[in-house]
>>> print(open('final21.cif').read())   # mmCIF, C-alpha atoms
data_model
loop_
_atom_site.label_atom_id
_atom_site.label_comp_id
_atom_site.auth_asym_id
_atom_site.auth_seq_id
_atom_site.Cartn_x
_atom_site.Cartn_y
_atom_site.Cartn_z
CA MET A 2 3.78 -20.12 40.86
CA ALA A 3 4.25 -16.91 38.90
CA GLU A 4 2.19 -16.39 35.79
CA THR A 5 3.94 -16.78 32.45
CA ALA A 6 5.32 -13.47 31.25
CA PRO A 7 3.75 -12.32 27.99
CA ALA A 8 5.78 -12.94 24.86
CA THR A 9 6.66 -10.19 22.42
CA VAL A 10 4.52 -9.26 19.42
CA THR A 11 6.68 -8.08 16.54
CA LEU A 12 4.99 -6.04 13.81
CA VAL A 13 7.02 -6.85 10.70
CA GLY A 14 6.86 -5.11 7.35
CA ALA A 15 6.93 -7.68 4.56
CA GLY A 16 7.53 -5.12 1.83
CA PRO A 17 5.56 -4.83 -1.41
CA GLY A 18 5.66 -8.51 -2.42
CA ASP A 19 9.06 -9.54 -3.75
CA PRO A 20 10.76 -11.64 -1.03
CA GLU A 21 14.13 -10.23 -2.03
CA LEU A 22 12.95 -6.85 -0.73
CA LEU A 23 12.56 -8.13 2.83
CA THR A 24 14.94 -6.64 5.37
CA LEU A 25 17.47 -9.06 6.84
CA ARG A 26 15.78 -8.80 10.22
CA ALA A 27 12.34 -9.50 8.76
CA ALA A 28 13.67 -12.62 7.01
CA ARG A 29 15.29 -13.87 10.22
CA LEU A 30 12.11 -13.35 12.25
CA ILE A 31 9.94 -15.11 9.68
CA GLY A 32 12.41 -18.00 9.52
CA SER A 33 12.26 -18.58 13.28
CA ALA A 34 8.63 -17.70 14.02
CA GLN A 35 6.32 -19.74 16.23
CA VAL A 36 3.17 -17.99 15.05
CA ILE A 37 2.72 -15.74 12.02
CA VAL A 38 -0.42 -13.64 11.77
CA HIS A 39 -0.41 -12.33 8.22
CA ASP A 40 -2.34 -10.11 5.84
CA GLY A 41 -3.65 -11.26 2.48
CA LEU A 42 -1.13 -9.10 0.60
CA VAL A 43 1.83 -11.04 1.98
CA SER A 44 3.05 -13.19 -0.89
CA ALA A 45 3.17 -16.98 -0.81
CA GLU A 46 6.91 -16.81 -1.48
CA ILE A 47 7.43 -14.86 1.73
CA LEU A 48 5.21 -17.18 3.78
CA ALA A 49 7.23 -20.12 2.44
CA LEU A 50 10.20 -18.80 4.44
CA ALA A 51 8.45 -19.77 7.69
CA PRO A 52 9.58 -22.97 9.43
CA PRO A 53 7.35 -26.02 8.83
CA GLU A 54 6.25 -26.09 12.45
CA ALA A 55 5.12 -22.46 12.50
CA GLU A 56 1.40 -21.76 12.77
CA LEU A 57 0.19 -19.46 10.00
CA ILE A 58 -2.97 -17.47 10.70
CA SER A 59 -4.49 -15.44 7.87
CA VAL A 60 -6.44 -12.30 8.72
CA ALA A 61 -6.81 -11.21 5.10
CA LYS A 62 -8.90 -8.17 4.33
CA GLN A 63 -10.67 -7.23 1.14
CA ARG A 64 -12.78 -4.18 0.43
CA SER A 65 -15.94 -4.35 2.55
CA ARG A 66 -15.14 -7.94 3.59
CA HIS A 67 -12.83 -8.83 6.47
CA SER A 68 -12.03 -12.38 7.56
CA MET A 69 -11.58 -10.87 11.04
CA PRO A 70 -12.42 -7.34 12.19
CA GLN A 71 -9.53 -5.18 13.37
CA GLU A 72 -10.64 -5.48 16.99
CA GLY A 73 -10.50 -9.25 16.65
CA ILE A 74 -6.98 -9.10 15.21
CA ASN A 75 -5.89 -6.92 18.13
CA ALA A 76 -7.36 -9.40 20.61
CA LEU A 77 -5.79 -12.36 18.81
CA LEU A 78 -2.30 -10.84 19.02
CA VAL A 79 -2.74 -10.08 22.71
CA ASP A 80 -4.13 -13.53 23.53
CA LEU A 81 -1.29 -15.32 21.73
CA ALA A 82 1.32 -13.22 23.49
CA LEU A 83 -0.29 -13.67 26.91
CA ALA A 84 -0.14 -17.43 26.30
CA GLY A 85 3.62 -17.08 25.94
CA ARG A 86 3.82 -17.50 22.16
CA LYS A 87 6.10 -15.19 20.22
CA VAL A 88 4.08 -13.61 17.45
CA VAL A 89 5.24 -12.23 14.13
CA ARG A 90 2.50 -9.95 12.81
CA LEU A 91 3.37 -9.85 9.12
CA LYS A 92 2.07 -6.92 7.10
CA GLY A 93 2.43 -5.94 3.46
CA GLY A 94 4.61 -2.88 2.94
CA ASP A 95 5.41 -1.07 6.17
CA PRO A 96 3.37 -1.57 9.37
CA PHE A 97 2.99 2.17 9.97
CA ILE A 98 1.90 3.24 6.46
CA PHE A 99 -1.79 2.36 6.09
CA GLY A 100 -1.11 -0.96 7.82
CA ARG A 101 -3.06 -0.31 11.05
CA GLY A 102 0.15 -1.04 12.88
CA GLY A 103 -0.48 1.86 15.23
CA GLU A 104 -3.78 0.37 16.39
CA GLU A 105 -2.22 -3.04 17.01
CA MET A 106 0.70 -1.48 18.86
CA GLU A 107 -1.72 0.42 21.12
CA ALA A 108 -3.69 -2.76 21.88
CA CYS A 109 -0.53 -4.61 22.88
CA ARG A 110 0.67 -1.75 25.07
CA ALA A 111 -2.71 -1.51 26.80
CA ALA A 112 -2.57 -5.24 27.63
CA GLY A 113 0.98 -5.08 28.95
CA VAL A 114 2.34 -7.04 25.98
CA PRO A 115 5.82 -6.08 24.74
CA VAL A 116 5.73 -4.94 21.13
CA GLU A 117 8.48 -4.27 18.59
CA ILE A 118 8.33 -2.76 15.12
CA VAL A 119 10.37 -3.90 12.12
CA PRO A 120 9.96 -1.47 9.21
CA GLY A 121 9.45 -2.67 5.67
CA ILE A 122 9.82 -1.14 2.23
CA SER A 123 6.49 0.59 1.69
CA ALA A 124 4.32 -0.24 -1.30
CA ALA A 125 4.83 3.25 -2.70
CA ILE A 126 8.62 3.08 -2.54
CA GLY A 127 8.89 -0.50 -3.82
CA CYS A 128 6.38 -0.20 -6.63
CA ALA A 129 7.67 3.16 -7.83
CA SER A 130 11.22 1.81 -7.92
CA GLN A 131 10.15 -1.19 -9.97
CA ALA A 132 8.40 1.13 -12.42
CA GLN A 133 11.42 3.48 -12.48
CA LEU A 134 9.11 6.27 -11.36
CA PRO A 135 10.91 8.83 -9.16
CA LEU A 136 8.48 10.12 -6.57
CA THR A 137 10.56 13.29 -6.28
CA HIS A 138 12.62 14.91 -9.03
CA ARG A 139 14.33 18.30 -9.14
CA ASP A 140 12.56 19.13 -12.40
CA ALA A 141 9.12 17.82 -11.45
CA ALA A 142 8.36 17.40 -7.74
CA SER A 143 9.85 18.57 -4.46
CA ALA A 144 7.11 17.11 -2.26
CA VAL A 145 5.32 13.78 -2.05
CA THR A 146 2.22 12.84 -0.06
CA PHE A 147 0.62 9.46 0.70
CA VAL A 148 -3.16 9.27 1.11
CA ALA A 149 -5.75 6.49 1.34
CA GLY A 150 -8.45 6.39 -1.30
CA GLN A 151 -11.05 4.78 0.95
CA CYS A 152 -9.93 5.69 4.46
CA LYS A 153 -13.01 6.58 6.54
CA GLY A 154 -14.83 7.99 3.54
CA LEU A 155 -13.31 9.72 0.55
CA THR A 156 -15.47 12.83 0.85
CA ASP A 157 -14.27 13.45 4.41
CA GLN A 158 -10.64 13.86 3.37
CA ASP A 159 -9.09 17.24 2.61
CA TRP A 160 -6.53 16.87 -0.18
CA SER A 161 -6.34 20.56 -1.03
CA GLY A 162 -2.87 21.45 -2.24
CA LEU A 163 -1.56 17.87 -2.22
CA ALA A 164 -1.48 17.42 -6.00
CA GLY A 165 -0.48 19.67 -8.88
CA ALA A 166 2.64 21.28 -10.27
CA GLY A 167 5.76 20.39 -8.31
CA ARG A 168 3.97 17.82 -6.13
CA THR A 169 3.41 14.07 -6.20
CA LEU A 170 0.32 12.42 -4.72
CA VAL A 171 0.41 8.66 -4.08
CA ILE A 172 -3.00 7.10 -3.44
CA TYR A 173 -3.32 3.73 -1.72
CA MET A 174 -6.51 1.67 -1.98
CA GLY A 175 -7.94 3.86 -4.71
CA VAL A 176 -8.92 1.45 -7.48
CA ALA A 177 -12.60 1.18 -6.51
CA THR A 178 -12.94 4.95 -6.14
CA ALA A 179 -10.67 6.04 -9.03
CA ALA A 180 -13.38 8.02 -10.85
CA ASP A 181 -14.36 9.81 -7.64
CA ILE A 182 -10.71 10.54 -6.91
CA ALA A 183 -10.26 12.15 -10.32
CA ASP A 184 -13.41 14.25 -9.87
CA LYS A 185 -12.30 15.30 -6.38
CA LEU A 186 -8.85 16.41 -7.53
CA ILE A 187 -10.14 18.26 -10.60
CA ALA A 188 -12.74 20.04 -8.45
CA ASP A 189 -9.88 21.12 -6.16
CA GLY A 190 -8.14 22.75 -9.12
CA VAL A 191 -5.73 20.04 -10.28
CA SER A 192 -5.32 20.07 -14.06
CA PRO A 193 -7.29 17.31 -15.82
CA ALA A 194 -4.21 16.94 -18.06
CA ILE A 195 -1.73 16.05 -15.32
CA PRO A 196 -0.09 12.63 -15.85
CA VAL A 197 -1.22 9.69 -13.73
CA ALA A 198 0.37 6.26 -13.36
CA VAL A 199 -1.34 3.18 -11.94
CA LEU A 200 1.01 0.55 -10.50
CA GLU A 201 -0.75 -2.82 -10.29
CA ASN A 202 0.77 -5.81 -8.45
CA GLY A 203 3.94 -3.86 -7.80
CA THR A 204 7.29 -5.73 -7.63
CA ARG A 205 5.64 -9.02 -8.59
CA ALA A 206 6.06 -10.98 -11.80
CA ASP A 207 2.68 -9.79 -13.11
CA MET A 208 3.21 -6.08 -12.36
CA ARG A 209 1.59 -3.60 -14.76
CA THR A 210 2.37 0.10 -15.00
CA LEU A 211 -0.35 1.98 -16.87
CA ARG A 212 -0.25 5.69 -17.64
CA THR A 213 -2.89 8.19 -18.66
CA LEU A 214 -4.11 11.67 -17.70
CA LEU A 215 -6.14 12.51 -14.62
CA ALA A 216 -9.32 13.15 -16.62
CA ASP A 217 -9.14 9.61 -17.99
CA LEU A 218 -8.27 7.86 -14.71
CA GLY A 219 -11.67 6.42 -13.83
CA ASP A 220 -12.41 5.28 -17.36
CA MET A 221 -8.93 3.80 -17.74
CA VAL A 222 -9.21 1.72 -14.57
CA GLU A 223 -12.46 0.25 -15.89
CA ARG A 224 -11.21 -0.08 -19.47
CA GLU A 225 -8.00 -1.88 -18.46
CA LYS A 226 -9.71 -3.94 -15.74
CA VAL A 227 -7.26 -2.80 -13.08
CA LYS A 228 -7.44 -4.86 -9.90
CA SER A 229 -6.13 -4.33 -6.39
CA PRO A 230 -3.49 -4.17 -5.10
CA ALA A 231 -2.62 -1.08 -7.08
CA LEU A 232 -1.29 2.40 -6.37
CA ILE A 233 -2.23 5.59 -8.17
CA VAL A 234 0.50 8.20 -8.65
CA VAL A 235 -0.64 11.68 -9.67
CA GLY A 236 1.98 14.16 -10.82
CA GLU A 237 4.47 15.15 -13.47
CA VAL A 238 6.84 12.43 -12.22
CA ALA A 239 4.53 9.84 -13.79
CA ALA A 240 5.93 10.88 -17.17
CA TYR A 241 9.31 9.38 -16.21
CA ALA A 242 7.98 5.87 -15.52
CA LEU A 243 8.51 2.85 -17.70
CA ALA A 244 4.82 2.48 -18.47
CA GLN A 245 2.24 1.43 -21.01
CA ASP A 246 0.46 4.54 -22.25
CA VAL A 247 -3.26 3.82 -22.39
CA LEU A 248 -4.71 7.29 -22.88
CA ALA A 249 -7.93 7.27 -24.86
CA GLY A 250 -10.11 9.93 -26.49
CA LEU A 251 -9.64 13.17 -24.54
CA PRO A 252 -10.57 16.66 -25.77
CA ALA A 253 -7.98 18.58 -27.79
CA GLN A 254 -7.41 21.18 -25.06
CA TRP A 255 -5.65 18.49 -23.00
CA ASN A 256 -3.09 17.70 -25.69
CA ASN A 257 -0.31 19.33 -23.67
CA GLY A 258 -0.77 16.66 -21.03
CA ALA A 259 -0.71 13.95 -23.66
CA GLU A 260 2.56 15.34 -25.00
CA MET A 261 4.12 14.85 -21.55
CA LEU A 262 3.44 11.13 -21.85
CA SER A 263 5.17 10.77 -25.20
#
>>> encode(input="final21.cif", output="structure tokens")
Amino acid sequence: MAETAPATVTLVGAGPGDPELLTLRAARLIGSAQVIVHDGLVSAEILALAPPEAELISVAKQRSRHSMPQEGINALLVDLALAGRKVVRLKGGDPFIFGRGGEEMEACRAAGVPVEIVPGISAAIGCASQAQLPLTHRDAASAVTFVAGQCKGLTDQDWSGLAGAGRTLVIYMGVATAADIADKLIADGVSPAIPVAVLENGTRADMRTLRTLLADLGDMVEREKVKSPALIVVGEVAAYALAQDVLAGLPAQWNNGAEMLS
């Protein structure tokens, strides 16, 4: 008898949290899934769309604490598919934007497992839209860059030229290193008075949009008790957001930046 052909692993972007921001294809796949392997950032409302008989497997990650290492997740996806079970690998945002989707795709390919990708609305796009923060604007920014605030060591990353006048920098996973991020950017020549917005729990009912200046970023995150998931947006576009201004006690020479927030 021939061996069972491996089933397909589908890497599905679940978007930034609001189930109404799922793509139609993502919703259909979730609603007919046999097995869903999901991240911790996938909302309960989205998981509730799965059929009652579906097996839900959480591989949630938190900073410095993983329920399953990435190599284990890769092996799990391959093993399930080789057993003939169709797998929906459900990821917050988009699988290919800081979602390690590329690594999981490579593992499936190496094992001879068919793999498909279903894009999702990225956290940056969804959260910025909810905050009415345009990541590009003809008067403020003609370029936008996404970086990770803790990806393989902050000090190893070269962000030269990514932030400043006419540019927008969106930082994922930067809450724990916010003060270091501000120091790094200022040392690279970015004005301490450039506006910064922090988008916490984007697209969800408890979303907060907080705004300050770069020099105050680290203190503000601590002062306002900002928690992950949150994005940091550095650039003049932050002045357009519907946000709570929480700037506190900066030197007078940075008043021009404060005026941009008013």
>>> atom_distance(input="final21.cif", atom1="atom CA of Ile47 of chain A", atom2="atom CA of Thr210 of chain A")
23.0 Å
>>> resolve_selection(input="final21.cif", expression="the PyMOL selection byres ((chain A and resi 112) around 12)", output="ChimeraX atom specification")
/A:6-10,75-83,105-111,113-116
>>> closest_residue(input="final21.cif", among="A:Ala179, A:Leu12, A:Ala55, A:Ala45", to="Ser33 of chain A", atoms="only C-alpha atoms")
A:Ala55
>>> resolve_selection(input="final21.cif", expression="the PyMOL selection byres ((chain A and resi 213) around 10)", output="PyMOL selection string")
chain A and resi 194-199+211-212+214-218+221-222+235+239-240+244-249+258-259+262
>>> resolve_selection(input="final21.cif", expression="the PyMOL selection byres ((chain A and resi 202) around 10)", output="ChimeraX atom specification")
/A:17-18,42,124,128,199-201,203-210,227-232
>>> closest_residue(input="final21.cif", among="A:Val171, A:Ala129, A:Ala166, A:Ala149", to="Leu243 of chain A", atoms="only C-alpha atoms")
A:Ala129
>>> atom_distance(input="final21.cif", atom1="atom CA of Glu117 of chain A", atom2="atom CA of Val13 of chain A")
8.4 Å
>>> closest_residue(input="final21.cif", among="A:Leu91, A:Ile118, A:Ala188, A:Leu170", to="Gly150 of chain A", atoms="all atoms listed in the file")
A:Leu170
>>> closest_residue(input="final21.cif", among="A:Leu134, A:Leu48, A:Ile58, A:Val88", to="Gln35 of chain A", atoms="only C-alpha atoms")
A:Val88
>>> atom_distance(input="final21.cif", atom1="atom CA of Ile122 of chain A", atom2="atom CA of Glu104 of chain A")
19.7 Å
>>> closest_residue(input="final21.cif", among="A:Ile126, A:Leu163, A:Ile31, A:Ala61", to="Ala49 of chain A", atoms="all atoms listed in the file")
A:Ile31
>>> closest_residue(input="final21.cif", among="A:Leu57, A:Thr5, A:Gly100, A:Val234", to="Thr146 of chain A", atoms="only C-alpha atoms")
A:Val234
>>> residues_around(input="final21.cif", residues="Val148 of chain A", least_positions_apart="4", cutoff="9 Å", atoms="all atoms listed in the file", output="ChimeraX atom specification")
/A:99,152,160,170-174
